[in-house]
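Asks: Have a peek at run_31.csv (CSV, N, CA and C atoms).
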```
chain,number,residue,atom,x,y,z
A,1,MET,N,4.7,10.9,-24.7
A,1,MET,CA,4.9,12.3,-25.1
A,1,MET,C,6.4,12.6,-25.2
A,2,GLY,N,6.9,13.0,-26.4
A,2,GLY,CA,8.3,13.3,-26.5
A,2,GLY,C,8.5,14.8,-26.3
A,3,ASN,N,9.6,15.2,-26.8
A,3,ASN,CA,9.9,16.7,-26.7
A,3,ASN,C,9.8,17.2,-28.1
A,4,ASP,N,8.6,17.4,-28.6
A,4,ASP,CA,8.4,17.8,-30.0
A,4,ASP,C,8.5,19.3,-30.1
A,5,LYS,N,9.6,19.8,-30.6
A,5,LYS,CA,9.8,21.2,-31.0
A,5,LYS,C,9.6,21.3,-32.5
A,6,VAL,N,8.7,22.1,-32.9
A,6,VAL,CA,8.4,22.3,-34.3
A,6,VAL,C,8.5,23.8,-34.7
A,7,MET,N,8.6,24.0,-35.9
A,7,MET,CA,8.7,25.4,-36.4
A,7,MET,C,7.3,25.7,-37.1
A,8,ILE,N,6.7,26.8,-36.7
A,8,ILE,CA,5.5,27.3,-37.4
A,8,ILE,C,5.6,28.8,-37.6
A,9,SER,N,4.8,29.3,-38.4
A,9,SER,CA,4.9,30.7,-38.7
A,9,SER,C,4.5,31.5,-37.5
A,10,LYS,N,5.3,32.6,-37.2
A,10,LYS,CA,5.0,33.4,-36.1
A,10,LYS,C,3.7,34.1,-36.2
A,11,GLY,N,3.3,34.5,-37.4
A,11,GLY,CA,2.1,35.2,-37.7
A,11,GLY,C,0.9,34.3,-37.5
A,12,GLY,N,1.0,33.0,-38.0
A,12,GLY,CA,-0.1,32.1,-37.8
A,12,GLY,C,-0.3,31.7,-36.3
A,13,TYR,N,0.8,31.6,-35.6
A,13,TYR,CA,0.7,31.3,-34.1
A,13,TYR,C,0.0,32.5,-33.4
A,14,ALA,N,0.5,33.7,-33.7
A,14,ALA,CA,-0.1,34.9,-33.1
A,14,ALA,C,-1.6,35.1,-33.5
A,15,PHE,N,-1.9,34.8,-34.8
A,15,PHE,CA,-3.3,34.9,-35.2
A,15,PHE,C,-4.2,34.0,-34.5
A,16,SER,N,-3.7,32.8,-34.3
A,16,SER,CA,-4.5,31.8,-33.6
A,16,SER,C,-4.8,32.2,-32.1
A,17,ARG,N,-3.7,32.7,-31.4
A,17,ARG,CA,-3.9,33.1,-30.0
A,17,ARG,C,-4.8,34.3,-29.9
A,18,TYR,N,-4.6,35.4,-30.7
A,18,TYR,CA,-5.4,36.6,-30.7
A,18,TYR,C,-6.9,36.3,-31.1
A,19,PHE,N,-7.1,35.6,-32.2
A,19,PHE,CA,-8.4,35.3,-32.7
A,19,PHE,C,-9.3,34.6,-31.6
A,20,LEU,N,-8.7,33.6,-31.0
A,20,LEU,CA,-9.5,32.9,-29.9
A,20,LEU,C,-9.8,33.8,-28.7
A,21,ALA,N,-8.9,34.6,-28.3
A,21,ALA,CA,-9.1,35.6,-27.2
A,21,ALA,C,-10.2,36.6,-27.6
A,22,VAL,N,-10.2,37.1,-28.8
A,22,VAL,CA,-11.2,38.0,-29.3
A,22,VAL,C,-12.6,37.3,-29.3
A,23,LEU,N,-12.6,36.1,-29.8
A,23,LEU,CA,-13.9,35.4,-29.8
A,23,LEU,C,-14.5,35.2,-28.4
A,24,ILE,N,-13.6,34.9,-27.4
A,24,ILE,CA,-14.1,34.7,-26.1
A,24,ILE,C,-14.7,36.0,-25.5
A,25,TRP,N,-13.9,37.1,-25.8
A,25,TRP,CA,-14.4,38.4,-25.3
A,25,TRP,C,-15.8,38.8,-26.0
A,26,ILE,N,-15.9,38.5,-27.3
A,26,ILE,CA,-17.1,38.7,-28.0
A,26,ILE,C,-18.3,37.9,-27.3
A,27,SER,N,-18.0,36.7,-27.1
A,27,SER,CA,-19.0,35.8,-26.4
A,27,SER,C,-19.4,36.4,-25.1
A,28,LEU,N,-18.5,36.9,-24.3
A,28,LEU,CA,-18.8,37.4,-23.0
A,28,LEU,C,-19.5,38.8,-23.1
A,29,LEU,N,-19.0,39.7,-23.9
A,29,LEU,CA,-19.6,41.0,-24.0
A,29,LEU,C,-21.0,41.0,-24.6
A,30,LEU,N,-21.2,40.1,-25.6
A,30,LEU,CA,-22.5,40.0,-26.2
A,30,LEU,C,-23.4,38.9,-25.6
A,31,LYS,N,-22.9,38.2,-24.6
A,31,LYS,CA,-23.7,37.2,-24.0
A,31,LYS,C,-24.2,36.1,-25.0
A,32,GLN,N,-23.2,35.7,-25.8
A,32,GLN,CA,-23.6,34.7,-26.9
A,32,GLN,C,-22.9,33.4,-26.6
A,33,ARG,N,-23.6,32.4,-26.1
A,33,ARG,CA,-23.1,31.1,-25.7
A,33,ARG,C,-22.5,30.4,-27.0
A,34,GLU,N,-23.2,30.6,-28.1
A,34,GLU,CA,-22.8,29.9,-29.3
A,34,GLU,C,-21.4,30.2,-29.8
A,35,VAL,N,-21.0,31.4,-29.5
A,35,VAL,CA,-19.6,31.8,-29.9
A,35,VAL,C,-18.6,30.9,-29.1
A,36,LEU,N,-18.9,30.6,-27.9
A,36,LEU,CA,-18.1,29.7,-27.1
A,36,LEU,C,-18.0,28.3,-27.7
A,37,ILE,N,-19.1,27.9,-28.3
A,37,ILE,CA,-19.1,26.6,-29.0
A,37,ILE,C,-18.0,26.6,-30.1
A,38,VAL,N,-18.0,27.7,-30.9
A,38,VAL,CA,-17.0,27.9,-32.0
A,38,VAL,C,-15.6,27.8,-31.4
A,39,VAL,N,-15.4,28.5,-30.3
A,39,VAL,CA,-14.1,28.5,-29.6
A,39,VAL,C,-13.7,27.1,-29.2
A,40,LEU,N,-14.7,26.4,-28.6
A,40,LEU,CA,-14.4,25.0,-28.2
A,40,LEU,C,-14.0,24.1,-29.4
A,41,VAL,N,-14.7,24.3,-30.5
A,41,VAL,CA,-14.3,23.5,-31.7
A,41,VAL,C,-12.9,23.8,-32.2
A,42,PHE,N,-12.5,25.1,-32.2
A,42,PHE,CA,-11.1,25.5,-32.6
A,42,PHE,C,-10.1,24.9,-31.6
A,43,PHE,N,-10.4,24.9,-30.3
A,43,PHE,CA,-9.5,24.3,-29.3
A,43,PHE,C,-9.4,22.8,-29.5
A,44,LEU,N,-10.5,22.1,-29.7
A,44,LEU,CA,-10.4,20.7,-29.9
A,44,LEU,C,-9.7,20.3,-31.2
A,45,LEU,N,-9.9,21.1,-32.2
A,45,LEU,CA,-9.2,20.8,-33.5
A,45,LEU,C,-7.7,21.0,-33.3
A,46,ALA,N,-7.3,22.0,-32.5
A,46,ALA,CA,-5.9,22.3,-32.2
A,46,ALA,C,-5.3,21.1,-31.4
A,47,VAL,N,-6.1,20.5,-30.5
A,47,VAL,CA,-5.6,19.4,-29.7
A,47,VAL,C,-5.5,18.2,-30.6
A,48,ALA,N,-6.5,17.9,-31.4
A,48,ALA,CA,-6.5,16.7,-32.3
A,48,ALA,C,-5.5,16.8,-33.4
A,49,LEU,N,-5.3,17.9,-34.0
A,49,LEU,CA,-4.4,18.1,-35.2
A,49,LEU,C,-3.0,18.6,-34.8
A,50,LYS,N,-2.8,19.0,-33.6
A,50,LYS,CA,-1.6,19.7,-33.1
A,50,LYS,C,-1.6,21.1,-33.7
A,51,LEU,N,-0.9,21.9,-33.1
A,51,LEU,CA,-1.0,23.4,-33.5
A,51,LEU,C,-0.5,23.7,-34.9
A,52,ARG,N,0.5,23.0,-35.4
A,52,ARG,CA,1.0,23.3,-36.7
A,52,ARG,C,0.0,23.0,-37.8
A,53,ARG,N,-1.0,22.1,-37.6
A,53,ARG,CA,-2.0,21.8,-38.5
A,53,ARG,C,-3.4,22.3,-38.1
A,54,SER,N,-3.5,23.1,-37.1
A,54,SER,CA,-4.8,23.6,-36.6
A,54,SER,C,-5.4,24.6,-37.7
A,55,PRO,N,-6.7,24.6,-37.7
A,55,PRO,CA,-7.3,25.4,-38.8
A,55,PRO,C,-6.9,26.9,-38.8
A,56,LEU,N,-6.7,27.5,-37.7
A,56,LEU,CA,-6.4,28.9,-37.6
A,56,LEU,C,-5.0,29.2,-38.2
A,57,VAL,N,-4.0,28.3,-37.8
A,57,VAL,CA,-2.7,28.5,-38.4
A,57,VAL,C,-2.6,28.2,-39.8
A,58,VAL,N,-3.3,27.2,-40.3
A,58,VAL,CA,-3.4,26.9,-41.7
A,58,VAL,C,-4.1,28.0,-42.5
A,59,PHE,N,-5.2,28.5,-41.9
A,59,PHE,CA,-5.9,29.6,-42.6
A,59,PHE,C,-5.0,30.8,-42.8
A,60,TYR,N,-4.3,31.2,-41.7
A,60,TYR,CA,-3.4,32.3,-41.8
A,60,TYR,C,-2.3,32.1,-42.8
A,61,ASP,N,-1.7,30.9,-42.8
A,61,ASP,CA,-0.6,30.6,-43.7
A,61,ASP,C,-1.0,30.6,-45.1
A,62,SER,N,-2.3,30.2,-45.4
A,62,SER,CA,-2.8,30.1,-46.7
A,62,SER,C,-3.3,31.4,-47.3
A,63,THR,N,-3.6,32.4,-46.4
A,63,THR,CA,-4.2,33.6,-46.9
A,63,THR,C,-3.2,34.8,-46.5
A,64,ILE,N,-3.3,35.3,-45.4
A,64,ILE,CA,-2.5,36.5,-45.0
A,64,ILE,C,-1.0,36.2,-45.0
A,65,GLY,N,-0.6,35.0,-44.7
A,65,GLY,CA,0.8,34.6,-44.7
A,65,GLY,C,1.4,34.6,-46.1
A,66,ARG,N,0.6,34.4,-47.1
A,66,ARG,CA,1.1,34.5,-48.5
A,66,ARG,C,1.4,35.9,-48.9
A,67,ILE,N,0.6,36.9,-48.3
A,67,ILE,CA,0.8,38.3,-48.7
A,67,ILE,C,1.9,38.9,-47.8
A,68,LEU,N,1.8,38.6,-46.5
A,68,LEU,CA,2.7,39.1,-45.5
A,68,LEU,C,3.5,37.9,-44.8
A,69,PRO,N,4.5,37.4,-45.4
A,69,PRO,CA,5.2,36.2,-44.8
A,69,PRO,C,5.8,36.7,-43.5
A,70,SER,N,5.8,35.7,-42.5
A,70,SER,CA,6.4,36.0,-41.2
A,70,SER,C,7.5,35.0,-40.9
A,71,LYS,N,8.3,35.3,-40.0
A,71,LYS,CA,9.4,34.4,-39.6
A,71,LYS,C,8.8,33.2,-39.0
A,72,LYS,N,9.6,32.2,-38.8
A,72,LYS,CA,9.2,30.9,-38.2
A,72,LYS,C,9.6,31.0,-36.7
A,73,VAL,N,8.8,30.4,-35.9
A,73,VAL,CA,9.1,30.4,-34.4
A,73,VAL,C,9.0,28.9,-34.0
A,74,GLU,N,9.9,28.6,-33.1
A,74,GLU,CA,10.0,27.2,-32.5
A,74,GLU,C,9.0,27.1,-31.4
A,75,ILE,N,8.1,26.1,-31.4
A,75,ILE,CA,7.2,25.9,-30.3
A,75,ILE,C,7.3,24.5,-29.8
A,76,ASP,N,6.9,24.3,-28.5
A,76,ASP,CA,6.8,23.0,-27.9
A,76,ASP,C,5.4,22.4,-28.2
A,77,GLU,N,5.3,21.6,-29.2
A,77,GLU,CA,4.0,21.1,-29.7
A,77,GLU,C,3.3,20.3,-28.6
A,78,ASP,N,3.9,19.5,-27.8
A,78,ASP,CA,3.2,18.8,-26.8
A,78,ASP,C,2.7,19.7,-25.7
A,79,GLY,N,3.6,20.7,-25.3
A,79,GLY,CA,3.2,21.6,-24.3
A,79,GLY,C,2.0,22.5,-24.7
A,80,LEU,N,2.0,22.9,-26.0
A,80,LEU,CA,0.8,23.7,-26.5
A,80,LEU,C,-0.4,22.8,-26.7
A,81,ARG,N,-0.2,21.5,-27.0
A,81,ARG,CA,-1.3,20.6,-27.0
A,81,ARG,C,-2.0,20.5,-25.7
A,82,PHE,N,-1.2,20.4,-24.6
A,82,PHE,CA,-1.7,20.3,-23.3
A,82,PHE,C,-2.4,21.6,-22.9
A,83,ALA,N,-1.8,22.8,-23.3
A,83,ALA,CA,-2.4,24.1,-23.0
A,83,ALA,C,-3.8,24.2,-23.7
A,84,ASN,N,-3.8,23.7,-25.0
A,84,ASN,CA,-5.1,23.8,-25.7
A,84,ASN,C,-6.1,22.8,-25.1
A,85,ALA,N,-5.7,21.7,-24.6
A,85,ALA,CA,-6.6,20.7,-23.9
A,85,ALA,C,-7.1,21.4,-22.6
A,86,LEU,N,-6.3,22.1,-21.9
A,86,LEU,CA,-6.7,22.8,-20.7
A,86,LEU,C,-7.7,23.9,-21.1
A,87,GLY,N,-7.5,24.6,-22.2
A,87,GLY,CA,-8.4,25.6,-22.7
A,87,GLY,C,-9.7,25.0,-23.1
A,88,SER,N,-9.7,23.8,-23.7
A,88,SER,CA,-10.9,23.1,-24.1
A,88,SER,C,-11.7,22.8,-22.9
A,89,THR,N,-11.0,22.3,-21.8
A,89,THR,CA,-11.7,21.9,-20.6
A,89,THR,C,-12.4,23.1,-19.9
A,90,LEU,N,-11.6,24.2,-19.9
A,90,LEU,CA,-12.2,25.4,-19.3
A,90,LEU,C,-13.4,25.9,-20.1
A,91,CYS,N,-13.3,25.9,-21.4
A,91,CYS,CA,-14.4,26.3,-22.3
A,91,CYS,C,-15.6,25.4,-22.1
A,92,LEU,N,-15.3,24.1,-22.0
A,92,LEU,CA,-16.4,23.2,-21.8
A,92,LEU,C,-17.1,23.4,-20.4
A,93,ALA,N,-16.3,23.7,-19.4
A,93,ALA,CA,-16.9,24.1,-18.1
A,93,ALA,C,-17.8,25.3,-18.2
A,94,CYS,N,-17.3,26.3,-18.9
A,94,CYS,CA,-18.2,27.5,-19.1
A,94,CYS,C,-19.5,27.2,-19.8
A,95,LEU,N,-19.4,26.4,-20.9
A,95,LEU,CA,-20.6,26.0,-21.6
A,95,LEU,C,-21.5,25.2,-20.8
A,96,GLY,N,-21.0,24.3,-20.0
A,96,GLY,CA,-21.8,23.4,-19.1
A,96,GLY,C,-22.6,24.3,-18.2
A,97,LEU,N,-21.9,25.3,-17.6
A,97,LEU,CA,-22.6,26.2,-16.6
A,97,LEU,C,-23.6,27.0,-17.4
A,98,LEU,N,-23.3,27.5,-18.5
A,98,LEU,CA,-24.2,28.4,-19.3
A,98,LEU,C,-25.4,27.7,-19.7
A,99,TYR,N,-25.3,26.4,-20.1
A,99,TYR,CA,-26.4,25.7,-20.6
A,99,TYR,C,-27.2,24.9,-19.6
A,100,PHE,N,-26.5,24.4,-18.6
A,100,PHE,CA,-27.1,23.5,-17.6
A,100,PHE,C,-27.1,24.0,-16.2
A,101,GLY,N,-26.3,25.0,-15.9
A,101,GLY,CA,-26.1,25.4,-14.5
A,101,GLY,C,-26.6,26.8,-14.3
A,102,PRO,N,-26.2,27.5,-13.3
A,102,PRO,CA,-26.6,28.9,-13.1
A,102,PRO,C,-25.8,29.7,-14.1
A,103,ALA,N,-26.6,30.4,-15.0
A,103,ALA,CA,-26.0,31.1,-16.1
A,103,ALA,C,-25.1,32.3,-15.6
A,104,ALA,N,-25.5,32.9,-14.5
A,104,ALA,CA,-24.7,34.0,-14.0
A,104,ALA,C,-23.3,33.5,-13.6
A,105,LEU,N,-23.2,32.4,-13.0
A,105,LEU,CA,-21.9,31.8,-12.6
A,105,LEU,C,-21.1,31.4,-13.9
A,106,GLY,N,-21.8,30.9,-14.9
A,106,GLY,CA,-21.2,30.6,-16.2
A,106,GLY,C,-20.6,31.8,-16.8
A,107,TRP,N,-21.2,33.0,-16.7
A,107,TRP,CA,-20.7,34.2,-17.3
A,107,TRP,C,-19.5,34.7,-16.5
A,108,TYR,N,-19.5,34.5,-15.2
A,108,TYR,CA,-18.3,34.9,-14.4
A,108,TYR,C,-17.1,34.0,-14.7
A,109,ILE,N,-17.4,32.7,-14.9
A,109,ILE,CA,-16.3,31.8,-15.3
A,109,ILE,C,-15.8,32.1,-16.7
A,110,THR,N,-16.7,32.5,-17.6
A,110,THR,CA,-16.3,32.9,-18.9
A,110,THR,C,-15.5,34.2,-18.9
A,111,GLY,N,-15.8,35.1,-17.9
A,111,GLY,CA,-14.9,36.3,-17.8
A,111,GLY,C,-13.5,35.9,-17.3
A,112,PHE,N,-13.4,34.9,-16.4
A,112,PHE,CA,-12.1,34.4,-16.0
A,112,PHE,C,-11.4,33.8,-17.2
A,113,PHE,N,-12.1,33.0,-18.0
A,113,PHE,CA,-11.6,32.4,-19.2
A,113,PHE,C,-11.1,33.4,-20.2
A,114,ALA,N,-11.8,34.5,-20.4
A,114,ALA,CA,-11.4,35.6,-21.3
A,114,ALA,C,-10.1,36.2,-20.8
A,115,VAL,N,-10.0,36.5,-19.5
A,115,VAL,CA,-8.7,37.0,-19.0
A,115,VAL,C,-7.6,36.0,-19.1
A,116,PHE,N,-7.9,34.8,-18.8
A,116,PHE,CA,-6.9,33.7,-18.9
A,116,PHE,C,-6.4,33.6,-20.3
A,117,LYS,N,-7.2,33.6,-21.3
A,117,LYS,CA,-6.8,33.5,-22.7
A,117,LYS,C,-6.1,34.7,-23.2
A,118,THR,N,-6.5,35.9,-22.7
A,118,THR,CA,-5.9,37.1,-23.1
A,118,THR,C,-4.4,37.2,-22.6
A,119,VAL,N,-4.2,36.7,-21.4
A,119,VAL,CA,-2.9,36.6,-20.8
A,119,VAL,C,-2.1,35.6,-21.7
A,120,SER,N,-2.7,34.5,-22.1
A,120,SER,CA,-2.0,33.6,-22.9
A,120,SER,C,-1.6,34.2,-24.3
A,121,ALA,N,-2.6,34.9,-24.8
A,121,ALA,CA,-2.3,35.5,-26.1
A,121,ALA,C,-1.2,36.5,-26.1
A,122,PHE,N,-1.0,37.2,-25.0
A,122,PHE,CA,0.1,38.1,-25.0
A,122,PHE,C,1.5,37.5,-24.5
A,123,GLY,N,1.5,36.2,-24.5
A,123,GLY,CA,2.8,35.5,-24.3
A,123,GLY,C,3.1,34.8,-23.0
A,124,TYR,N,2.3,35.0,-22.0
A,124,TYR,CA,2.5,34.3,-20.8
A,124,TYR,C,1.4,33.2,-20.7
A,125,CYS,N,1.6,32.1,-21.2
A,125,CYS,CA,0.6,31.0,-21.3
A,125,CYS,C,0.6,30.2,-20.0
A,126,PRO,N,-0.4,30.4,-19.1
A,126,PRO,CA,-0.4,29.6,-17.9
A,126,PRO,C,-0.5,28.1,-18.1
A,127,GLY,N,-1.2,27.7,-19.2
A,127,GLY,CA,-1.3,26.3,-19.5
A,127,GLY,C,0.0,25.7,-19.9
A,128,LEU,N,0.8,26.4,-20.6
A,128,LEU,CA,2.2,25.9,-21.0
A,128,LEU,C,3.1,25.9,-19.7
A,129,LYS,N,2.9,26.9,-18.9
A,129,LYS,CA,3.7,26.9,-17.6
A,129,LYS,C,3.3,25.7,-16.7
A,130,LEU,N,2.1,25.4,-16.7
A,130,LEU,CA,1.6,24.2,-15.9
A,130,LEU,C,2.1,22.9,-16.5
A,131,TYR,N,2.2,22.8,-17.8
A,131,TYR,CA,2.8,21.7,-18.5
A,131,TYR,C,4.2,21.5,-18.1
A,132,TYR,N,5.0,22.5,-18.1
A,132,TYR,CA,6.4,22.4,-17.7
A,132,TYR,C,6.5,22.1,-16.3
A,133,LEU,N,5.6,22.5,-15.4
A,133,LEU,CA,5.7,22.2,-14.0
A,133,LEU,C,5.4,20.7,-13.8
A,134,PHE,N,4.4,20.1,-14.5
A,134,PHE,CA,4.1,18.7,-14.4
A,134,PHE,C,5.2,17.8,-15.1
A,135,LYS,N,5.8,18.4,-16.1
A,135,LYS,CA,6.9,17.6,-16.8
A,135,LYS,C,8.1,17.4,-15.9
A,136,LYS,N,8.4,18.3,-15.0
A,136,LYS,CA,9.6,18.1,-14.1
A,136,LYS,C,9.5,16.9,-13.3
```
As structure tokens, please, write out the structure in this file.

Replies:
Amino acid sequence: MGNDKVMISKGGYAFSRYFLAVLIWISLLLKQREVLIVVLVFFLLAVALKLRRSPLVVFYDSTIGRILPSKKVEIDEDGLRFANALGSTLCLACLGLLYFGPAALGWYITGFFAVFKTVSAFGYCPGLKLYYLFKK
């Protein structure tokens, strides 16, 4: 792992963060496990493709970004890849509990996950902070 700093659209980056947080809250409030599967797929694609090529960033840049261009922002691609992998793991734990464990506990953990992702969406990403802590 190098120190990959890349430039992506600020709007696409924000759209990706907010969209996933909203999906997790929808899953929690409507008690829809299947929505968490969609969240897991987006997280795994962001890990596999890296953030600059993730479907949500590409979608934003190809649609809304053409109408309302945004500035570029520099991101630590490896750090965000780690954070997305951490999010994938947490999402998988929620799904595992919801499908195979005590569902009530699964919804409590999903509530924690929703708060965790909301905090991340508003700029304080615990997964990225953890990455920097491990990197030292």

Asks: Please report, as a ChimeraX atom specification, each residue of chain A to which DSSP assigns strand (DSSP E or B) when run on this structure's backbone.

Replies: /A:5-9,72-76

Asks: Which residues of range 42-88 of chain A have any atom within 12 Å of an atom in range 22-37 of chain A when counting only C-alpha atoms, and what is the closest pair of atoms for each, with the distance in Å to one decimal? Order the rows by chain and rising number and write it as JSON lines.

Replies:
```
{"residue": "A:Phe42", "atom": "CA", "partner": "A:Ile37", "partner_atom": "CA", "distance": 8.8}
{"residue": "A:Phe43", "atom": "CA", "partner": "A:Ile37", "partner_atom": "CA", "distance": 9.9}
{"residue": "A:Leu44", "atom": "CA", "partner": "A:Ile37", "partner_atom": "CA", "distance": 10.6}
{"residue": "A:Gly87", "atom": "CA", "partner": "A:Ile24", "partner_atom": "CA", "distance": 11.3}
{"residue": "A:Ser88", "atom": "CA", "partner": "A:Ile37", "partner_atom": "CA", "distance": 10.2}
```

Asks: Could you name the residues that touch Ser9 in chain A at 10 Å or less, counting only C-alpha atoms, but leaving out those on the same chain fewer than 3 positions away, as JSON, numbers by chain?

Replies: {"A": [12, 13, 14, 15, 52, 57, 58, 60, 61, 65, 69, 70, 71, 72, 73, 74, 75]}

Asks: Using only C-alpha atoms, which of the listed residues (A:Lys50, A:Arg66, A:Arg17, A:Lys10) sits closest to Gly79 in chain A?

Replies: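 Closest to Gly79 in chain A, using only C-alpha atoms: A:Lys50.
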
Asks: I'd like the contact shell of Leu92 in chain A - 8 Å cut-off, all atoms listed in the file, skipping same-chain residues fewer than 5 positions apart - returned as a CSV table (one decimal) with N, CA and C atoms, in the frame of the given file.

Replies:
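Now in out36.csv:
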```csv
chain,number,residue,atom,x,y,z
A,36,LEU,N,-18.9,30.6,-27.9
A,36,LEU,CA,-18.1,29.7,-27.1
A,36,LEU,C,-18.0,28.3,-27.7
A,39,VAL,N,-15.4,28.5,-30.3
A,39,VAL,CA,-14.1,28.5,-29.6
A,39,VAL,C,-13.7,27.1,-29.2
A,40,LEU,N,-14.7,26.4,-28.6
A,40,LEU,CA,-14.4,25.0,-28.2
A,40,LEU,C,-14.0,24.1,-29.4
A,86,LEU,N,-6.3,22.1,-21.9
A,86,LEU,CA,-6.7,22.8,-20.7
A,86,LEU,C,-7.7,23.9,-21.1
A,87,GLY,N,-7.5,24.6,-22.2
A,87,GLY,CA,-8.4,25.6,-22.7
A,87,GLY,C,-9.7,25.0,-23.1
A,97,LEU,N,-21.9,25.3,-17.6
A,97,LEU,CA,-22.6,26.2,-16.6
A,97,LEU,C,-23.6,27.0,-17.4
A,98,LEU,N,-23.3,27.5,-18.5
A,98,LEU,CA,-24.2,28.4,-19.3
A,98,LEU,C,-25.4,27.7,-19.7
```

Asks: Name the residues in contact with Ser120 in chain A at a cut-off of 8 Å, using all atoms listed in the file, excluding same-chain residues fewer than 6 positions from it; report them as an mmCIF file with N, CA and C atoms, keeping the file's coordinate frame.

Replies:
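The result, written out as out.cif:
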```
data_model
loop_
_atom_site.group_PDB
_atom_site.id
_atom_site.type_symbol
_atom_site.label_atom_id
_atom_site.label_comp_id
_atom_site.auth_asym_id
_atom_site.auth_seq_id
_atom_site.Cartn_x
_atom_site.Cartn_y
_atom_site.Cartn_z
ATOM 1 N N ARG A 17 -3.700 32.700 -31.400
ATOM 2 C CA ARG A 17 -3.900 33.100 -30.000
ATOM 3 C C ARG A 17 -4.800 34.300 -29.900
ATOM 4 N N TYR A 18 -4.600 35.400 -30.700
ATOM 5 C CA TYR A 18 -5.400 36.600 -30.700
ATOM 6 C C TYR A 18 -6.900 36.300 -31.100
ATOM 7 N N ALA A 114 -11.800 34.500 -20.400
ATOM 8 C CA ALA A 114 -11.400 35.600 -21.300
ATOM 9 C C ALA A 114 -10.100 36.200 -20.800
ATOM 10 N N PRO A 126 -0.400 30.400 -19.100
ATOM 11 C CA PRO A 126 -0.400 29.600 -17.900
ATOM 12 C C PRO A 126 -0.500 28.100 -18.100
ATOM 13 N N GLY A 127 -1.200 27.700 -19.200
ATOM 14 C CA GLY A 127 -1.300 26.300 -19.500
ATOM 15 C C GLY A 127 0.000 25.700 -19.900
#
```

Asks: Could you tell me how far atom C of Leu95 in chain A lies from CA of Ser16 in chain A, in Å and to one decimal?

Replies: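 Spanning atom C of Leu95 in chain A to CA of Ser16 in chain A is a straight-line distance of 22.3 Å.
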
Asks: Please determine, counting all atoms listed in the file, which residue among A:Ile67, A:Thr118, A:Leu133, A:Asp76 has the shortest atom-to-atom distance to Asp4 in chain A.

Replies: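 Closest candidate: A:Asp76.
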
Asks: What is the atom C of Leu130 in chain A to CA of Phe112 in chain A distance in Å?

Replies: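 Atom-to-atom, atom C of Leu130 in chain A to CA of Phe112 in chain A, that is 18.3 Å.
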
Asks: Select, from A:Ala83, A:Val47, A:Leu20, A:Ile8, the residue with the minimum atom-to-atom distance to Leu128 in chain A, counting all atoms listed in the file.

Replies: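 Of all the options, A:Ala83 lies closest to Leu128 in chain A.
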
Asks: Rank nothing, just name the residue among A:Leu68, A:Cys125, A:Leu56, A:Ile109 nearest to Cys94 in chain A, using only C-alpha atoms.

Replies: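 Closest candidate: A:Ile109.
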
Asks: Just list as an MDAnalysis selection string whatever in chain A DSSP marks as helix (DSSP H, G or I).

Replies: chainID A and resid 10:30 33:49 51:53 55:62 64:67 77:100 103:121 126:135

Asks: Could you jot down the CA of Val119 in chain A to atom N of Gly96 in chain A separation for me, Å, one decimal place?

Replies: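 One can read the CA of Val119 in chain A to atom N of Gly96 in chain A distance as 21.9 Å.
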
Asks: Let me make sure I understand: among A:Ala121, A:Ile64, A:Tyr132, A:Ala103, which one has the smallest atom-to-atom distance to Phe19 in chain A if we use only N, CA and C atoms?

Replies: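 Closest to Phe19 in chain A of all the choices is A:Ala121.
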